[in-house]
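This is my_file_3.csv (CSV, C-alpha atoms).
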```csv
chain,number,residue,atom,x,y,z
X,1053,ALA,CA,-81.0,78.5,137.8
X,1054,ILE,CA,-78.1,76.4,138.7
X,1055,TRP,CA,-77.6,75.9,142.4
X,1056,ALA,CA,-74.1,74.9,143.5
X,1057,GLN,CA,-72.4,75.0,146.8
X,1058,ALA,CA,-69.9,77.6,147.9
X,1059,THR,CA,-68.3,78.2,151.3
X,1060,LEU,CA,-67.7,81.7,152.5
X,1061,ALA,CA,-65.1,81.5,155.4
X,1062,GLY,CA,-64.9,84.4,157.8
X,1063,THR,CA,-62.0,84.6,160.2
X,1064,ALA,CA,-63.0,85.9,163.6
X,1065,PHE,CA,-60.5,87.4,165.9
X,1066,ALA,CA,-61.5,87.5,169.6
X,1067,GLY,CA,-59.3,87.9,172.6
X,1068,GLY,CA,-56.2,87.0,170.6
X,1069,ILE,CA,-57.7,83.7,169.6
X,1070,ILE,CA,-58.2,83.0,165.9
X,1071,SER,CA,-61.2,80.8,165.0
X,1072,ARG,CA,-62.4,79.9,161.6
X,1073,CYS,CA,-66.1,80.2,161.1
X,1074,GLN,CA,-67.8,78.9,157.9
X,1075,MET,CA,-71.2,79.3,156.4
X,1076,THR,CA,-72.4,77.3,153.4
X,1077,PHE,CA,-74.3,79.0,150.7
X,1078,ALA,CA,-76.2,76.8,148.2
X,1079,PRO,CA,-76.3,79.2,145.2
X,1080,LEU,CA,-73.9,81.6,143.5
X,1081,ALA,CA,-70.7,79.6,143.4
X,1082,ALA,CA,-69.6,81.3,140.2
X,1083,LEU,CA,-70.6,84.8,141.4
X,1084,VAL,CA,-68.8,84.3,144.7
X,1085,ALA,CA,-65.7,83.1,142.9
X,1086,ALA,CA,-65.9,86.1,140.6
X,1087,SER,CA,-66.1,88.5,143.4
X,1088,PHE,CA,-62.7,87.4,144.7
X,1089,ALA,CA,-61.2,87.2,141.2
X,1090,VAL,CA,-61.7,90.9,140.3
X,1091,VAL,CA,-58.8,93.3,140.3
X,1092,SER,CA,-60.2,96.3,142.1
X,1093,ALA,CA,-59.8,99.8,140.6
X,1094,GLY,CA,-60.3,101.4,144.1
X,1095,LEU,CA,-58.0,99.1,146.1
X,1096,PRO,CA,-54.3,98.3,146.0
X,1097,VAL,CA,-53.2,96.0,143.2
X,1098,GLY,CA,-54.0,92.4,143.9
X,1099,TYR,CA,-56.8,93.3,146.4
X,1100,HIS,CA,-60.4,92.3,145.7
X,1101,PRO,CA,-63.9,92.9,147.2
X,1102,VAL,CA,-64.5,90.8,150.3
X,1103,PHE,CA,-67.8,89.4,151.6
X,1104,VAL,CA,-67.6,88.2,155.2
X,1105,ALA,CA,-70.1,85.6,156.5
X,1106,GLY,CA,-69.8,85.6,160.3
X,1107,PRO,CA,-70.1,82.8,162.8
X,1108,LEU,CA,-73.4,81.1,162.8
X,1109,LEU,CA,-74.9,81.7,166.3
X,1110,ALA,CA,-73.1,85.1,166.6
X,1111,GLN,CA,-75.4,86.8,164.2
X,1112,ASN,CA,-77.1,89.5,166.4
X,1113,LEU,CA,-80.9,89.3,166.2
X,1114,GLU,CA,-83.7,91.8,167.0
X,1115,ILE,CA,-87.2,90.8,168.1
X,1116,LYS,CA,-90.6,92.4,167.7
X,1117,ASN,CA,-93.0,90.7,170.1
X,1118,SER,CA,-96.7,91.5,169.6
X,1119,VAL,CA,-98.0,88.7,171.8
X,1120,PRO,CA,-101.1,90.2,173.6
X,1121,GLY,CA,-100.5,90.4,177.4
X,1122,SER,CA,-96.9,89.2,177.2
X,1123,LEU,CA,-94.4,90.9,179.5
X,1124,CYS,CA,-92.0,90.6,176.5
X,1125,ASN,CA,-94.3,92.7,174.2
X,1126,THR,CA,-92.1,95.3,172.5
X,1127,ARG,CA,-94.9,97.6,171.6
X,1128,GLY,CA,-94.4,97.5,167.9
X,1129,GLU,CA,-90.7,98.1,167.9
X,1130,PHE,CA,-87.8,95.8,167.2
X,1131,GLU,CA,-85.5,95.3,170.2
X,1132,TRP,CA,-81.9,94.0,170.0
X,1133,LEU,CA,-81.9,91.0,172.4
X,1134,TRP,CA,-79.6,88.2,171.0
X,1135,GLY,CA,-76.1,89.5,171.2
X,1136,ASN,CA,-76.8,92.6,173.2
X,1137,PRO,CA,-74.4,92.9,176.1
X,1138,ASN,CA,-76.7,95.2,178.0
X,1139,PHE,CA,-79.9,93.2,178.0
X,1140,THR,CA,-81.8,92.8,181.3
X,1141,LYS,CA,-82.8,89.6,183.1
X,1142,ILE,CA,-86.4,90.0,181.9
X,1143,GLN,CA,-85.1,90.3,178.3
X,1144,ALA,CA,-83.0,87.2,178.8
X,1145,LEU,CA,-86.2,85.3,179.6
X,1146,CYS,CA,-87.9,87.0,176.6
X,1147,LEU,CA,-85.4,85.3,174.3
X,1148,LEU,CA,-87.1,82.0,174.9
X,1149,GLU,CA,-90.4,83.4,173.6
X,1150,GLY,CA,-88.9,85.6,170.9
X,1151,LEU,CA,-86.5,83.2,169.2
X,1152,ALA,CA,-88.8,80.2,169.1
X,1153,LEU,CA,-90.3,79.2,165.8
X,1154,GLY,CA,-93.9,78.2,165.2
X,1155,GLY,CA,-92.8,75.0,163.5
X,1156,PHE,CA,-91.4,73.7,160.2
X,1157,ASP,CA,-93.0,73.0,156.9
X,1158,ALA,CA,-91.3,69.8,155.9
X,1159,GLU,CA,-93.0,69.7,152.5
X,1160,GLU,CA,-91.7,73.2,151.5
X,1161,GLY,CA,-88.6,73.0,153.6
X,1162,LEU,CA,-89.5,76.4,155.2
X,1163,SER,CA,-89.6,77.6,158.8
X,1164,VAL,CA,-93.0,78.6,160.2
X,1165,PRO,CA,-92.8,81.8,162.2
X,1166,LYS,CA,-94.4,82.0,165.6
X,1167,GLU,CA,-97.6,83.9,165.8
X,1168,HIS,CA,-97.2,87.6,166.8
X,1169,ILE,CA,-93.4,87.3,166.7
X,1170,GLU,CA,-91.0,88.9,164.1
X,1171,VAL,CA,-87.3,88.3,164.1
X,1172,ARG,CA,-84.6,90.0,162.0
X,1173,VAL,CA,-80.9,90.4,161.9
X,1174,ARG,CA,-79.8,93.5,163.8
X,1175,GLY,CA,-80.2,96.4,161.4
X,1176,SER,CA,-82.1,94.3,158.8
X,1177,LEU,CA,-80.6,92.1,156.1
X,1178,ASN,CA,-79.5,95.1,154.0
X,1179,GLY,CA,-78.2,97.2,156.9
X,1180,THR,CA,-74.9,99.0,156.6
X,1181,GLY,CA,-71.7,98.3,158.5
X,1182,PHE,CA,-71.0,95.3,160.6
X,1183,GLY,CA,-73.9,95.6,163.1
X,1184,GLY,CA,-75.0,92.0,162.4
X,1185,PHE,CA,-71.9,90.2,163.9
X,1186,GLY,CA,-69.2,92.8,164.5
X,1187,SER,CA,-69.5,92.1,168.1
X,1188,PHE,CA,-71.4,89.6,170.2
X,1189,PHE,CA,-72.5,90.2,173.8
X,1190,GLY,CA,-69.8,92.8,174.1
X,1191,ARG,CA,-67.0,90.7,172.7
X,1192,GLY,CA,-65.5,91.9,169.4
X,1193,LEU,CA,-65.5,89.3,166.6
X,1194,VAL,CA,-64.5,91.0,163.4
X,1195,GLU,CA,-64.7,94.6,164.8
X,1196,GLY,CA,-63.0,96.4,167.7
X,1197,GLU,CA,-59.3,95.8,168.4
X,1198,ALA,CA,-56.7,96.5,165.7
X,1199,GLY,CA,-56.0,92.8,165.2
X,1200,HIS,CA,-59.6,92.0,164.3
X,1201,LEU,CA,-60.5,91.3,160.7
X,1202,VAL,CA,-62.4,94.6,159.8
X,1203,PRO,CA,-59.8,97.0,161.2
X,1204,MET,CA,-57.1,95.0,159.4
X,1205,LEU,CA,-58.9,95.4,156.2
X,1206,ARG,CA,-59.5,99.1,156.8
X,1207,ALA,CA,-55.7,99.5,157.2
X,1208,HIS,CA,-55.2,98.0,153.8
X,1209,GLY,CA,-57.7,100.4,152.1
X,1210,TYR,CA,-61.0,98.6,152.4
X,1211,VAL,CA,-64.1,100.6,153.0
X,1212,GLU,CA,-67.3,99.1,154.6
X,1213,ASP,CA,-70.2,98.7,152.2
X,1214,GLU,CA,-67.9,99.7,149.3
X,1215,SER,CA,-65.2,97.0,149.2
X,1216,VAL,CA,-65.9,94.9,152.3
X,1217,PHE,CA,-69.4,93.7,153.0
X,1218,GLU,CA,-71.2,91.8,155.8
X,1219,VAL,CA,-73.3,88.9,154.9
X,1220,ARG,CA,-76.2,88.7,157.3
X,1221,TYR,CA,-78.7,85.9,158.0
X,1222,ASP,CA,-81.1,84.6,160.6
X,1223,TRP,CA,-79.3,81.5,162.0
X,1224,ARG,CA,-82.6,80.0,163.2
X,1225,LEU,CA,-83.9,79.5,159.7
X,1226,SER,CA,-83.4,76.8,157.0
X,1227,VAL,CA,-81.4,77.0,153.8
X,1228,ASN,CA,-84.6,77.1,151.9
X,1229,ASP,CA,-85.6,80.2,153.9
X,1230,TRP,CA,-82.3,81.8,153.0
X,1231,LYS,CA,-83.0,81.1,149.3
X,1232,LEU,CA,-85.9,83.6,149.5
X,1233,ASP,CA,-84.0,86.5,151.0
X,1234,VAL,CA,-80.3,86.1,151.9
X,1235,PHE,CA,-79.2,84.5,148.7
X,1236,PRO,CA,-80.9,86.9,146.2
X,1237,LEU,CA,-79.7,89.9,148.2
X,1238,THR,CA,-76.1,88.5,148.4
X,1239,GLN,CA,-76.2,87.8,144.7
X,1240,GLN,CA,-77.2,91.4,143.9
X,1241,ARG,CA,-74.5,92.8,146.2
X,1242,ILE,CA,-71.8,90.6,144.7
X,1243,GLU,CA,-72.8,91.5,141.2
X,1244,ASN,CA,-72.7,95.2,142.1
X,1245,ALA,CA,-69.3,94.9,143.6
X,1246,VAL,CA,-68.0,93.0,140.6
X,1247,ARG,CA,-69.3,95.8,138.3
X,1248,LYS,CA,-68.0,98.6,140.5
X,1249,PHE,CA,-64.5,97.2,140.6
X,1250,GLY,CA,-64.1,96.5,136.9
X,1251,GLY,CA,-65.3,92.9,137.0
X,1252,GLN,CA,-66.3,90.5,134.3
```

Can you give me the file's structure in the form of structure tokens?
Amino acid sequence: AIWAQATLAGTAFAGGIISRCQMTFAPLAALVAASFAVVSAGLPVGYHPVFVAGPLLAQNLEIKNSVPGSLCNTRGEFEWLWGNPNFTKIQALCLLEGLALGGFDAEEGLSVPKEHIEVRVRGSLNGTGFGGFGSFFGRGLVEGEAGHLVPMLRAHGYVEDESVFEVRYDWRLSVNDWKLDVFPLTQQRIENAVRKFGGQ
């Protein structure tokens, strides 16, 4: 496979302030370019499918903590902690235990998970809607007010998970980690969108 670099830029609108947030993806340059070059049959002329990669640390994360005897043990369930505006003081402390990695395998370039801890993007990588980074600790990023990105796209005929998609990722991990899950999933979704809207 040919690995190239492509940058997906998501524009986040929060409190009337426009900030540009970029995420660099190693593979799929041609596919990403194609996804924006397709004339959509289900959108107004000149509009194309959109994939939004949100701000790095604003990706909401869920934690399943199975550490024996820990006050942060989630009893086999994933709990939304990072990005949740309603988390408690105890849960705030649990972030330190839950978000920590067990180490890094420099030879493989892969993160080593911490024992008894599982972390995932809110709603999982292939979840629907903009639950991963639509809002962050109660502040709208791409969702919410009419001037934010997703409502603006809806007003132009875009539909979530049909013509506008959220690219989710665990910001704690390395690019090599993303190659194993985020990149293949994103590739498949781009290919599906290209086919759906009469692509190449």

- Item | Separation of CA of Glu1195 in chain X from CA of Ala1144 in chain X in Å |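 If I compute the distance from CA of Ala1144 in chain X to CA of Glu1195 in chain X, I get 24.2 Å.
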
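CA of Ser1176 in chain X to CA of Gln1239 in chain X spans 16.6 Å [interatomic distance, one decimal].
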
- Query: Of the residues X:Lys1166, X:Leu1123, X:Glu1159, X:Val1216, which is the one nearest to Leu1145 in chain X, using all atoms listed in the file?
  - Reply: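 Among X:Lys1166, X:Leu1123, X:Glu1159, X:Val1216, it is X:Leu1123 that comes nearest to Leu1145 in chain X.
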
- Task: Name the closest residue to Lys1116 in chain X among the candidates X:Gly1161, X:Gly1150, X:Gly1183, X:Gly1098; distances are taken between atoms, counting only C-alpha atoms.
- Result: X:Gly1150

- Task: Measure the distance from CA of Thr1140 in chain X to CA of Gly1181 in chain X in Å and round it to one decimal.
- Result: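 Pair CA of Thr1140 in chain X / CA of Gly1181 in chain X returns 25.5 Å.
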
- range 1206-1214 of chain X surroundings by all atoms listed in the file, 10 Å radius, close-in-sequence under 4 positions cut, as a list in words: Gly1094, Leu1095, Pro1096, Tyr1099, His1100, Pro1101, Val1102, Phe1103, Gly1179, Thr1180, Gly1181, Phe1182, Ala1198, Leu1201, Val1202, Glu1218, Arg1241, Asn1244, Ala1245, Lys1248 and Phe1249 of chain X

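Using only C-alpha atoms for every distance, the candidate list X:Val1104, X:Cys1146, X:Cys1124, X:Ala1152 yields X:Ala1152 as the residue closest to Arg1224 in chain X.
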
Could you list, as a JSON list (two decimals) with C-alpha atoms, in the frame of the given file, every residue within 9 Å of Ser1118 in chain X, counting all atoms listed in the file and ignoring same-chain residues fewer than 4 positions away?
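Wrote it out as result.json, contents follow:
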```json
[["chain", "number", "residue", "atom", "x", "y", "z"],
["X", 1122, "SER", "CA", -96.90, 89.20, 177.20],
["X", 1124, "CYS", "CA", -92.00, 90.60, 176.50],
["X", 1125, "ASN", "CA", -94.30, 92.70, 174.20],
["X", 1126, "THR", "CA", -92.10, 95.30, 172.50],
["X", 1127, "ARG", "CA", -94.90, 97.60, 171.60],
["X", 1128, "GLY", "CA", -94.40, 97.50, 167.90],
["X", 1167, "GLU", "CA", -97.60, 83.90, 165.80],
["X", 1168, "HIS", "CA", -97.20, 87.60, 166.80],
["X", 1169, "ILE", "CA", -93.40, 87.30, 166.70],
["X", 1170, "GLU", "CA", -91.00, 88.90, 164.10]]
```

- Using only C-alpha atoms, find the one residue out of X:Val1171, X:Glu1149, X:Val1119, X:Phe1156 that sits nearest to Glu1131 in chain X.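 When distances to Glu1131 in chain X are compared using only C-alpha atoms, the smallest one comes from X:Val1171.
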
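If you measure from each of X:Gly1190, X:Gly1154, X:Phe1130, X:Leu1177 to Val1234 in chain X using all atoms listed in the file, the closest one turns out to be X:Leu1177.
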
- Message: Env of Leu1153 in chain X: 8 Å cut, atoms = all atoms listed in the file, seq-sep filter 2 positions within chain, self excluded. Answer as a PyMOL selection string.
- Response: chain X and resi 1151+1155-1156+1163-1166

- Message: Just checking: using all atoms listed in the file, which residue out of X:Val1173, X:Ile1242, X:Leu1108, X:Leu1205 ends up closest to Leu1133 in chain X?
- Response: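 The closest residue to Leu1133 in chain X is X:Val1173.
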
Using only C-alpha atoms, find all polymer residues with an atom at most 9 Å away from the point (-80.4, 84.7, 154.7); report them as a tab-separated table (two decimals) with C-alpha atoms, in the frame of the given file.
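Once written, part01.tsv looks like this:
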```tsv
chain	number	residue	atom	x	y	z
X	1177	LEU	CA	-80.60	92.10	156.10
X	1219	VAL	CA	-73.30	88.90	154.90
X	1220	ARG	CA	-76.20	88.70	157.30
X	1221	TYR	CA	-78.70	85.90	158.00
X	1222	ASP	CA	-81.10	84.60	160.60
X	1223	TRP	CA	-79.30	81.50	162.00
X	1225	LEU	CA	-83.90	79.50	159.70
X	1226	SER	CA	-83.40	76.80	157.00
X	1227	VAL	CA	-81.40	77.00	153.80
X	1229	ASP	CA	-85.60	80.20	153.90
X	1230	TRP	CA	-82.30	81.80	153.00
X	1231	LYS	CA	-83.00	81.10	149.30
X	1232	LEU	CA	-85.90	83.60	149.50
X	1233	ASP	CA	-84.00	86.50	151.00
X	1234	VAL	CA	-80.30	86.10	151.90
X	1235	PHE	CA	-79.20	84.50	148.70
X	1236	PRO	CA	-80.90	86.90	146.20
X	1237	LEU	CA	-79.70	89.90	148.20
X	1238	THR	CA	-76.10	88.50	148.40
```

- Message: I want to know what sits within 7 Å of Arg1174 in chain X, based on all atoms listed in the file, with residues of the same chain fewer than 6 positions away left out; could you give that as JSON, numbers by chain?
- Response: {"X": [1112, 1113, 1114, 1132, 1183, 1184]}

Give me range 1209-1221 of chain X with N, CA, C and O atoms filled in, as a CSV table (one decimal), in the frame of the given file.
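Full text of result.csv as output:
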```
chain,number,residue,atom,x,y,z
X,1209,GLY,N,-56.9,99.6,153.1
X,1209,GLY,CA,-57.7,100.4,152.1
X,1209,GLY,C,-59.1,100.0,151.9
X,1209,GLY,O,-59.8,100.6,151.0
X,1210,TYR,N,-59.6,99.0,152.6
X,1210,TYR,CA,-61.0,98.6,152.4
X,1210,TYR,C,-61.9,99.5,153.1
X,1210,TYR,O,-61.6,100.1,154.1
X,1211,VAL,N,-63.1,99.7,152.5
X,1211,VAL,CA,-64.1,100.6,153.0
X,1211,VAL,C,-65.4,99.8,153.2
X,1211,VAL,O,-65.8,99.1,152.2
X,1212,GLU,N,-66.0,99.8,154.4
X,1212,GLU,CA,-67.3,99.1,154.6
X,1212,GLU,C,-68.4,99.5,153.6
X,1212,GLU,O,-68.6,100.7,153.4
X,1213,ASP,N,-69.1,98.5,153.1
X,1213,ASP,CA,-70.2,98.7,152.2
X,1213,ASP,C,-69.8,99.2,150.8
X,1213,ASP,O,-70.6,99.5,150.0
X,1214,GLU,N,-68.5,99.3,150.6
X,1214,GLU,CA,-67.9,99.7,149.3
X,1214,GLU,C,-67.0,98.6,148.8
X,1214,GLU,O,-67.1,98.2,147.6
X,1215,SER,N,-66.1,98.1,149.6
X,1215,SER,CA,-65.2,97.0,149.2
X,1215,SER,C,-65.2,95.8,150.1
X,1215,SER,O,-64.6,94.8,149.8
X,1216,VAL,N,-65.7,96.0,151.3
X,1216,VAL,CA,-65.9,94.9,152.3
X,1216,VAL,C,-67.3,94.9,152.8
X,1216,VAL,O,-67.8,95.9,153.2
X,1217,PHE,N,-68.0,93.7,152.8
X,1217,PHE,CA,-69.4,93.7,153.0
X,1217,PHE,C,-69.7,92.6,154.1
X,1217,PHE,O,-69.0,91.5,154.1
X,1218,GLU,N,-70.7,92.8,154.9
X,1218,GLU,CA,-71.2,91.8,155.8
X,1218,GLU,C,-72.3,91.0,155.3
X,1218,GLU,O,-73.3,91.6,154.7
X,1219,VAL,N,-72.2,89.7,155.3
X,1219,VAL,CA,-73.3,88.9,154.9
X,1219,VAL,C,-74.2,88.5,156.1
X,1219,VAL,O,-73.7,87.8,157.0
X,1220,ARG,N,-75.4,89.0,156.2
X,1220,ARG,CA,-76.2,88.7,157.3
X,1220,ARG,C,-77.3,87.6,157.1
X,1220,ARG,O,-77.7,87.5,155.9
X,1221,TYR,N,-77.6,86.9,158.1
X,1221,TYR,CA,-78.7,85.9,158.0
X,1221,TYR,C,-79.2,85.6,159.4
X,1221,TYR,O,-78.6,85.8,160.4
```
